[in-house]
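Novice: Here it is: the structure, laid out below.
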Amino acid sequence: MDQLVPASEYVQRQAGPSEKYKFKFVGKPVEMAIMVFSNILLTLVTLGIYNFWAKTRTRKYIRQHLEFAGDRFNYTGTGKELFLGFIPVALGLAGIILFQVFLQKLFPAAAVAVSGLFSLGFGIAMPYLIYWSTAYKLSRTNWRNIRFGLSRKGTGSFVSSFLVGYILLILTLGLYMPYWHENMARAMIGNMRFGSAHFVYHGTGKQIFFKFWAGIFLSIITLGLFLPWHSARMMRYRFENIQIQGAKAKLNVSGGEMFKLFLIGYFGIILSLGLAMPWIMHYSLCFFAERIELEGALDFTAIAQIPEGEAGAGSDMAADALDISIGF
Amino acid sequence: MFPARFLDGQTAVPKDVKFVIEHRRISVYDLEGTRVAYWAPSDFFVESLGGRTRIVSAENELISVEITDPDGIRAARVFENKVADRKLLMASLMFAVVGLSASIYLCIPMVSRIAAHQVPFRWEMKVRPTMIQAFEKEICEDKKDSLTRMAAILMGPDAESYPIEIKMIPSKNINAFALPGGLILMHSELIEKADDVTEVAGVLAHEIQHVMQRHIMAEMIQSSFTLALWGFIFGDYTAFLVVDPSTAYKLADLKFSRDLEASADDGAFEMLNRSEIPTSGMARFFRRIGTADKWIPSIISTHPSSEKRAKQAELAGLEPHTNSAAMKKLELVWKDLKNAAENCQEK
C-alpha cells in the first residue's frame, strides 16, 4: 500500500527553489488485460453500444493509475455523455449519406459537386473536431481535483494554423511539414491550462526544420531503421518546449530505447495475434511515464480551479467517428 | 477519527483532515477542528484504486477525501455496497441490451426477406446493365438464345413478371449463379458435362428460383445491414456507407444461406413438376457435384449436402414425364445449347 505525503509536509517542500517532478504509471498489466478483453466482449455482445462506456473505462483507468508528484490523475467523463454526444453525430452523418444517395438517384451530375462540397466541409470541420475533442478530454481530466482545460479562444488560431498550413503543405510539396506541426502544437498546447496555470509552448518550425528533414532523409536511406531515433528526437523537442509556471517539461528518451519499444510493440502484437496488446499498452505507458519529468519551482498554492463552460462530448465522438486524431 | 487528505476542488494543495463516520454519515474536520464537509450516505460514493480509497462528493466529483490509513479504508469501504448496487444495475441493463440485440440479430434474415419482396423487381433490374458490363468480355454468344428459350419453358407465365436474362461464360468449373438484376450466368462446362437436358434444366430452375424468390435482394439487404452493424460495433461508422443501394450490388458475391438454397431447391422441384420435367436430372447433377464437395463438413457448408439434395430431388419428382410437351421443347433446345457450349469452351 502506498503512502500519500501529508499535506503539511508537502506545502513545506514547495518552498525549495527548483524540483524535479516525476510521472509514474502504476496500473497492473493483468488488470489492463481484464479491462481490454471485457471491453471487447461487452462491445461485441451489445452490438457496439458498450463502446462509449468502454472508451471511458479505459481513459479512467489510465488516468487513475498515472501519478504525478505522488498524486493520481482522475477522469470524470462518462459513457452516457459520449453516447448522447454520438446521437446527433450519427444523425448528421446518416442525413448526409441519405442526401447523397437521393441526389445520386435524382441528379447524378449535381451529386459529384455536392460530394466535393461535403468533402471540403469535412476538411474544414476537421481542425475544429480535433480541437474540441481535445478540449472535451482535458475538461474531464483532473489532478488533485483541479481540472485541465483548453481555452475556447484558441480555436481560431488552431484552425487557421491547420488549414493555412495544409494549403502551404500542398504548395511546398510537403516541405512545410515541420512548420505545420509546430504551429499547431503552439496553438494547441499554448491554450492548454491546469486550473489557473497556463501551459506555454516555445517550439518553432524554423528551429526544427533541418533536424526534421535530416531525420526523414536518414530514415528513408536506412529503409526506416533510423525512424525510432528520428521520432525520439522529435518527441524530445516537443517536450523540451513545454512549460508551466516556468517549469520545463522533459522527455528522457533515446533512439535506442524507442527502437526497443517499436520492436516490442510490433513483434509483440504480431506474434501474439493481438493478445499481448494490453501488456504492450502497459509497457508503453510505463515507458513514457518514467521518462517524462517537469523541472522547476511549481507553486501549487497559486493554482486555482477555473470555472468554465463544459466542453461537449459530441466533438469527441465526431472526431472518433471520422477517425481524426493527430495525437496531442 | 481517521487521518486523510481533503481536496476541495478549488486549489491544488491538499489539506490534512480527519474524518469520522457516525450513523452512516461522514464528517470531515480540518486540523483546527472545523467541519469542512458533512455527507449523508446519498451525498457521496467510495472509490478504491490500487491501495488508495477516495470518498467522493456525489454532487461535485472534484471534492474528495483521500485515505491511505488502513483503519480509515476499512471504515470507508463499508459504503462501497453502493457501487456494487450500481454494478448490479449495470449488469442487468447489459443483459437486457444483449437480449434485445440478440433478438434483433436473429430477426435480420427474416426482415431482409420480407423487405426484399417490397422492392419492385424492375428496380433491381436497373443494375443488370452494370452486371452484364462486368462480365462483358467473358460472355459467349448464344446465337439461338437457347438458354433464354429454356428459361421460358420452365417459367411459363412467370417469365413476363420476371424478365430474366441468362448468359453463358467459358469455364472449366461446373457452376451457375444468379446475380442482381435478374441475370443468371451459367458455366459452359456445366452444359458440356451434362448427360441430358434435364440436368441443365434442374440447375437453371434452381437459379431462376433464387431470382423469383428475391434471394439476391434479401442477401443484399442483409449484408448491408449486417456490415453496418459490425461497423457500428467496431466503431467504424463509415460502414454505414454500404447501405447506399448503388454500392450494394458489390456485396452479391456473398453466398446464399443454407435456408435460401433449400428454398430455391423446393421451388425448382415445384417448377419442374409443373412443367412436367423429370427431377431425376437434378438428382444426377447433385450426385456428380457431390463427389467434389464431400470434404466440406455439412455444418459449415452454405449448401445442404449434395446427397441429401439428390434424394430430395428424387422424392420430389412426379415421374415419368419423358413425353411431356415441355420435354419435347427442351429436347429441341438441347442441341443448340450443346453447340453454344462447345463454341464457348473454344473461346
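Note on naming: chains are A, B, ... as they come in the C-alpha cells, residues start from 1 per chain, ligands start from 1 in the order shown.
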Do me a favour and pick out the residues of chain A within 6 Å of chain B, using only C-alpha atoms, as a list in words.
Specialist: Met1, Ala7, Val45, Thr46, Leu47, Gly48, Arg144, Asn145, Ile146, Phe300, Thr301, Ile303, Ala304, Gln305 and Ala321 of chain A
Novice: Skip stretch 115-117 of chain A itself and residues of its chain fewer than 4 positions away, then list as a PyMOL selection string all residues within 8 Å of it, counting only C-alpha atoms.
Specialist: chain A and resi 100+111+121
Novice: Could you save the residues just selected, with N, CA, C and O atoms, as a PDB file, in the first residue's frame?
Specialist:
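What landed in again12.pdb:
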```
ATOM      1  N   GLN A 100     -26.946  12.265 -50.083  1.00  0.00           N
ATOM      2  CA  GLN A 100     -26.096  11.950 -51.236  1.00  0.00           C
ATOM      3  C   GLN A 100     -26.677  10.824 -52.084  1.00  0.00           C
ATOM      4  O   GLN A 100     -26.620  10.866 -53.302  1.00  0.00           O
ATOM      5  N   ALA A 111     -24.626  15.461 -57.961  1.00  0.00           N
ATOM      6  CA  ALA A 111     -24.138  14.672 -56.823  1.00  0.00           C
ATOM      7  C   ALA A 111     -22.625  14.754 -56.682  1.00  0.00           C
ATOM      8  O   ALA A 111     -22.105  14.814 -55.566  1.00  0.00           O
ATOM      9  N   GLY A 121     -16.245  20.385 -46.704  1.00  0.00           N
ATOM     10  CA  GLY A 121     -16.830  20.675 -45.390  1.00  0.00           C
ATOM     11  C   GLY A 121     -16.173  19.842 -44.294  1.00  0.00           C
ATOM     12  O   GLY A 121     -15.826  20.354 -43.232  1.00  0.00           O
TER      13      GLY A 121
END
```
Novice: Can you tell me, as a list in words, which residues in stretch 56-241 of chain A count as strand (DSSP E) by DSSP?
Specialist: Leu66, Glu67, Phe68, Asp71, Arg72, Phe73, Asn74, Tyr75, Thr141, Asn142, Trp143, Ile146, Arg147, Phe148, Gly149, Leu150, Met192, Arg193, Phe194, Ala197, His198, Phe199, Val200 and Tyr201 of chain A
Novice: Take the residues just selected and output them with C-alpha atoms as a compact mmCIF listing (two decimals), in the first residue's frame.
Specialist:
```txt
# COMPACT_ATOMS: atom_id res chain seq x y z
CA LEU A 66 -0.97 7.73 -13.59
CA GLU A 67 0.86 9.54 -10.82
CA PHE A 68 2.46 12.95 -10.89
CA ASP A 71 -0.78 12.05 -6.72
CA ARG A 72 -3.04 10.40 -9.24
CA PHE A 73 -4.86 11.94 -12.15
CA ASN A 74 -8.57 11.33 -12.50
CA TYR A 75 -11.13 11.25 -15.29
CA THR A 141 -9.18 15.18 -16.68
CA ASN A 142 -8.03 16.44 -13.30
CA TRP A 143 -5.14 16.16 -10.87
CA ILE A 146 -8.12 20.60 -10.40
CA ARG A 147 -9.34 20.35 -13.98
CA PHE A 148 -7.26 20.69 -17.09
CA GLY A 149 -8.71 22.76 -19.91
CA LEU A 150 -8.29 24.13 -23.37
CA MET A 192 -3.97 24.37 -22.51
CA ARG A 193 -4.16 25.02 -18.82
CA PHE A 194 -4.12 23.26 -15.50
CA ALA A 197 -1.87 27.85 -14.65
CA HIS A 198 -1.29 28.09 -18.38
CA PHE A 199 0.95 25.91 -20.50
CA VAL A 200 3.37 27.61 -22.86
CA TYR A 201 4.92 26.16 -26.00
```
Novice: Going by DSSP on the backbone, which bits of stretch 22-230 of chain A are helix (DSSP H, G or I)? Write them as a VMD selection string, please.
Specialist: chain A and resid 29 to 45 51 to 64 79 to 106 108 to 139 152 to 171 177 to 189 205 to 221 227 to 230
Novice: For B:Glu124, find every residue with an atom within 8 Å (counting only C-alpha atoms), except residues of its own chain fewer than 2 positions away, and show them as a PyMOL selection string.
Specialist: chain B and resi 119-122+126-128+180-182+217
Novice: Could you list, as a PyMOL selection string, every residue within 12 Å of A:Val112, counting only C-alpha atoms and ignoring same-chain residues fewer than 5 positions away?
Specialist: chain A and resi 100-101+103-105+107+117-119
Novice: With N, CA and C atoms retained, export the selected residues as a compact mmCIF listing (two decimals), in the first residue's frame.
Specialist:
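File written: selection_6.txt
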```
# COMPACT_ATOMS: atom_id res chain seq x y z
N GLN A 100 -26.95 12.26 -50.08
CA GLN A 100 -26.10 11.95 -51.24
C GLN A 100 -26.68 10.82 -52.08
N VAL A 101 -27.26 9.83 -51.40
CA VAL A 101 -27.86 8.71 -52.12
C VAL A 101 -29.01 9.20 -53.00
N LEU A 103 -29.59 12.25 -54.01
CA LEU A 103 -29.07 13.16 -55.03
C LEU A 103 -28.48 12.37 -56.19
N GLN A 104 -27.81 11.27 -55.83
CA GLN A 104 -27.20 10.38 -56.84
C GLN A 104 -28.27 9.83 -57.76
N LYS A 105 -29.43 9.51 -57.15
CA LYS A 105 -30.53 8.93 -57.93
C LYS A 105 -31.21 9.99 -58.80
N PHE A 107 -30.28 13.56 -59.30
CA PHE A 107 -29.42 14.47 -60.09
C PHE A 107 -27.98 13.99 -60.05
N LEU A 117 -18.32 19.17 -52.20
CA LEU A 117 -18.59 20.19 -51.17
C LEU A 117 -18.58 19.58 -49.77
N PHE A 118 -19.18 18.38 -49.67
CA PHE A 118 -19.19 17.70 -48.37
C PHE A 118 -17.76 17.37 -47.94
N SER A 119 -16.95 16.90 -48.89
CA SER A 119 -15.55 16.57 -48.55
C SER A 119 -14.83 17.81 -48.06
```
Novice: For B:Phe79, list every protein, DNA or RNA residue within 10 Å, evaluated using only C-alpha atoms, and leave out those in the same chain fewer than 6 positions away; present the list as a VMD selection string.
Specialist: chain B and resid 24 41 44 to 47 55
Novice: For the selection just defined, write its residues with all heavy atoms to a file, as a JSON list (two decimals), in the first residue's frame.
Specialist:
```
[["chain", "number", "residue", "atom", "x", "y", "z"],
["B", 24, "ARG", "N", -23.82, 6.32, 9.85],
["B", 24, "ARG", "CA", -23.71, 6.24, 8.38],
["B", 24, "ARG", "C", -23.55, 7.61, 7.72],
["B", 24, "ARG", "O", -23.84, 7.80, 6.54],
["B", 24, "ARG", "CB", -24.89, 5.48, 7.76],
["B", 24, "ARG", "CG", -24.91, 4.00, 8.15],
["B", 24, "ARG", "CD", -25.97, 3.22, 7.42],
["B", 24, "ARG", "NE", -25.79, 3.20, 5.98],
["B", 24, "ARG", "CZ", -24.94, 2.41, 5.34],
["B", 24, "ARG", "NH1", -24.16, 1.59, 6.01],
["B", 24, "ARG", "NH2", -24.86, 2.44, 4.02],
["B", 41, "PRO", "N", -25.36, 9.32, 3.46],
["B", 41, "PRO", "CA", -24.99, 8.26, 2.51],
["B", 41, "PRO", "C", -25.28, 8.60, 1.05],
["B", 41, "PRO", "O", -24.55, 8.17, 0.16],
["B", 41, "PRO", "CB", -25.81, 7.07, 2.98],
["B", 41, "PRO", "CG", -26.03, 7.30, 4.42],
["B", 41, "PRO", "CD", -26.14, 8.79, 4.58],
["B", 44, "PHE", "N", -22.38, 10.90, -1.13],
["B", 44, "PHE", "CA", -21.01, 10.53, -1.51],
["B", 44, "PHE", "C", -20.96, 9.11, -2.05],
["B", 44, "PHE", "O", -21.91, 8.35, -1.90],
["B", 44, "PHE", "CB", -20.06, 10.66, -0.31],
["B", 44, "PHE", "CG", -20.33, 9.66, 0.78],
["B", 44, "PHE", "CD1", -19.69, 8.43, 0.80],
["B", 44, "PHE", "CD2", -21.25, 9.94, 1.78],
["B", 44, "PHE", "CE1", -19.94, 7.50, 1.79],
["B", 44, "PHE", "CE2", -21.51, 9.01, 2.77],
["B", 44, "PHE", "CZ", -20.87, 7.80, 2.78],
["B", 45, "PHE", "N", -19.85, 8.77, -2.69],
["B", 45, "PHE", "CA", -19.57, 7.37, -3.03],
["B", 45, "PHE", "C", -18.11, 7.09, -2.75],
["B", 45, "PHE", "O", -17.29, 8.01, -2.67],
["B", 45, "PHE", "CB", -19.96, 7.06, -4.48],
["B", 45, "PHE", "CG", -19.24, 7.85, -5.53],
["B", 45, "PHE", "CD1", -18.04, 7.39, -6.08],
["B", 45, "PHE", "CD2", -19.75, 9.06, -5.98],
["B", 45, "PHE", "CE1", -17.39, 8.12, -7.05],
["B", 45, "PHE", "CE2", -19.10, 9.80, -6.95],
["B", 45, "PHE", "CZ", -17.91, 9.33, -7.49],
["B", 46, "VAL", "N", -17.82, 5.81, -2.57],
["B", 46, "VAL", "CA", -16.46, 5.42, -2.21],
["B", 46, "VAL", "C", -15.83, 4.69, -3.40],
["B", 46, "VAL", "O", -16.45, 3.85, -4.04],
["B", 46, "VAL", "CB", -16.48, 4.51, -0.96],
["B", 46, "VAL", "CG1", -15.07, 3.98, -0.65],
["B", 46, "VAL", "CG2", -17.02, 5.28, 0.22],
["B", 47, "GLU", "N", -14.59, 5.06, -3.70],
["B", 47, "GLU", "CA", -13.89, 4.52, -4.86],
["B", 47, "GLU", "C", -12.56, 3.94, -4.38],
["B", 47, "GLU", "O", -11.83, 4.63, -3.66],
["B", 47, "GLU", "CB", -13.59, 5.70, -5.80],
["B", 47, "GLU", "CG", -13.78, 5.40, -7.25],
["B", 47, "GLU", "CD", -13.57, 6.67, -8.08],
["B", 47, "GLU", "OE1", -12.74, 7.53, -7.70],
["B", 47, "GLU", "OE2", -14.22, 6.79, -9.11],
["B", 55, "ILE", "N", -13.21, 9.05, -0.85],
["B", 55, "ILE", "CA", -14.63, 9.31, -0.59],
["B", 55, "ILE", "C", -14.93, 10.55, -1.44],
["B", 55, "ILE", "O", -14.32, 11.60, -1.25],
["B", 55, "ILE", "CB", -14.91, 9.60, 0.90],
["B", 55, "ILE", "CG1", -14.42, 8.43, 1.76],
["B", 55, "ILE", "CG2", -16.40, 9.85, 1.13],
["B", 55, "ILE", "CD1", -14.44, 8.73, 3.26]]
```
Novice: So the first atom is atom CA of A:Glu182 and the second is atom CA of A:Lys206; what is the distance between them in Å, to one decimal place?
Specialist: 9.1 Å
Novice: I'd like the contact shell of stretch 295-298 of chain A - 12 Å cut-off, only C-alpha atoms, skipping same-chain residues fewer than 3 positions apart - returned as a compact mmCIF listing (two decimals) with N, CA and C atoms, in the first residue's frame.
Specialist:
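Generated output (result_0.txt):
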```txt
# COMPACT_ATOMS: atom_id res chain seq x y z
N VAL A 11 3.41 21.12 1.50
CA VAL A 11 3.46 22.57 1.31
C VAL A 11 4.84 23.09 1.68
N ARG A 13 7.62 21.45 1.45
CA ARG A 13 8.57 21.05 0.42
C ARG A 13 8.55 21.99 -0.78
N GLN A 14 7.41 22.66 -0.99
CA GLN A 14 7.29 23.55 -2.13
C GLN A 14 8.17 24.79 -2.01
N ALA A 15 8.66 25.03 -0.78
CA ALA A 15 9.45 26.23 -0.56
C ALA A 15 10.76 26.23 -1.34
N GLY A 16 11.29 25.06 -1.67
CA GLY A 16 12.57 24.94 -2.37
C GLY A 16 12.54 25.64 -3.71
N PRO A 17 13.71 26.03 -4.26
CA PRO A 17 13.74 26.81 -5.49
C PRO A 17 13.32 26.01 -6.73
N SER A 18 13.85 24.84 -6.86
CA SER A 18 13.56 24.07 -8.07
C SER A 18 13.52 22.58 -7.73
N GLU A 19 12.62 21.88 -8.39
CA GLU A 19 12.47 20.47 -8.07
C GLU A 19 12.17 19.69 -9.34
N LYS A 20 12.47 18.39 -9.29
CA LYS A 20 12.11 17.54 -10.44
C LYS A 20 10.85 16.77 -10.08
N TYR A 21 9.83 16.93 -10.89
CA TYR A 21 8.57 16.24 -10.64
C TYR A 21 8.47 15.08 -11.62
N LYS A 22 8.22 13.89 -11.07
CA LYS A 22 8.21 12.69 -11.92
C LYS A 22 6.79 12.16 -12.14
N PHE A 23 6.64 11.46 -13.23
CA PHE A 23 5.40 10.74 -13.51
C PHE A 23 5.64 9.25 -13.25
N ALA A 69 3.99 13.60 -9.17
CA ALA A 69 4.40 14.09 -7.84
C ALA A 69 3.67 13.33 -6.74
N PHE A 194 -3.81 24.11 -16.65
CA PHE A 194 -4.12 23.26 -15.50
C PHE A 194 -4.65 24.22 -14.45
N ALA A 197 -3.24 27.79 -14.10
CA ALA A 197 -1.87 27.85 -14.65
C ALA A 197 -1.89 27.48 -16.13
N PHE A 239 8.64 18.01 -26.01
CA PHE A 239 8.54 18.14 -24.55
C PHE A 239 9.40 19.28 -24.01
N GLU A 240 10.62 19.42 -24.56
CA GLU A 240 11.53 20.46 -24.07
C GLU A 240 10.94 21.85 -24.20
N ILE A 242 7.76 22.65 -23.75
CA ILE A 242 6.53 22.85 -22.97
C ILE A 242 6.91 23.38 -21.59
N GLN A 243 6.20 24.39 -21.15
CA GLN A 243 6.44 24.95 -19.82
C GLN A 243 5.12 25.24 -19.12
N ILE A 244 5.17 25.14 -17.80
CA ILE A 244 4.03 25.58 -16.99
C ILE A 244 4.61 26.23 -15.73
N GLN A 245 4.17 27.41 -15.41
CA GLN A 245 4.70 28.19 -14.28
C GLN A 245 6.23 28.25 -14.34
N GLY A 246 6.76 28.31 -15.49
CA GLY A 246 8.21 28.39 -15.66
C GLY A 246 8.92 27.05 -15.55
N ALA A 247 8.21 26.02 -15.11
CA ALA A 247 8.84 24.70 -15.01
C ALA A 247 8.86 24.06 -16.40
N LYS A 248 10.00 23.42 -16.72
CA LYS A 248 10.17 22.86 -18.07
C LYS A 248 9.90 21.36 -18.10
N ALA A 249 9.20 20.94 -19.14
CA ALA A 249 8.96 19.51 -19.31
C ALA A 249 10.17 18.89 -20.01
N LYS A 250 10.34 17.60 -19.83
CA LYS A 250 11.47 16.92 -20.44
C LYS A 250 11.09 15.47 -20.69
N LEU A 251 11.51 14.96 -21.81
CA LEU A 251 11.31 13.53 -22.09
C LEU A 251 12.68 12.91 -22.29
N ILE A 292 9.14 10.99 -18.53
CA ILE A 292 8.70 12.39 -18.57
C ILE A 292 8.92 13.04 -17.21
N THR A 301 0.14 26.46 -4.61
CA THR A 301 -0.80 27.33 -3.88
C THR A 301 -1.40 28.39 -4.81
N ALA A 302 -0.67 28.67 -5.89
CA ALA A 302 -1.16 29.70 -6.82
C ALA A 302 -2.09 29.12 -7.89
N ILE A 303 -2.27 27.82 -7.84
CA ILE A 303 -3.13 27.20 -8.87
C ILE A 303 -4.54 27.01 -8.32
N ALA B 12 -4.96 23.49 -5.71
CA ALA B 12 -4.20 22.26 -5.98
C ALA B 12 -3.42 21.79 -4.76
N VAL B 13 -3.68 22.40 -3.61
CA VAL B 13 -2.97 22.00 -2.40
C VAL B 13 -3.92 21.23 -1.49
```
Novice: Give me the residues within 12 Å of B:Gly281 as a count of residues only, counting only C-alpha atoms and dropping any in the same chain fewer than 3 places off.
Specialist: 32
Novice: Here is a test: counting only C-alpha atoms, which residue of B:Tyr38, B:Val65, B:Pro109, B:Asp158 is nearest to B:Met220?
Specialist: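 The shortest atom-to-atom distance to B:Met220 comes from B:Pro109.
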Novice: Can you tell me how far atom CA of A:Phe262 sits from atom CA of A:Pro29, in Å to one decimal?
Specialist: 18.5 Å
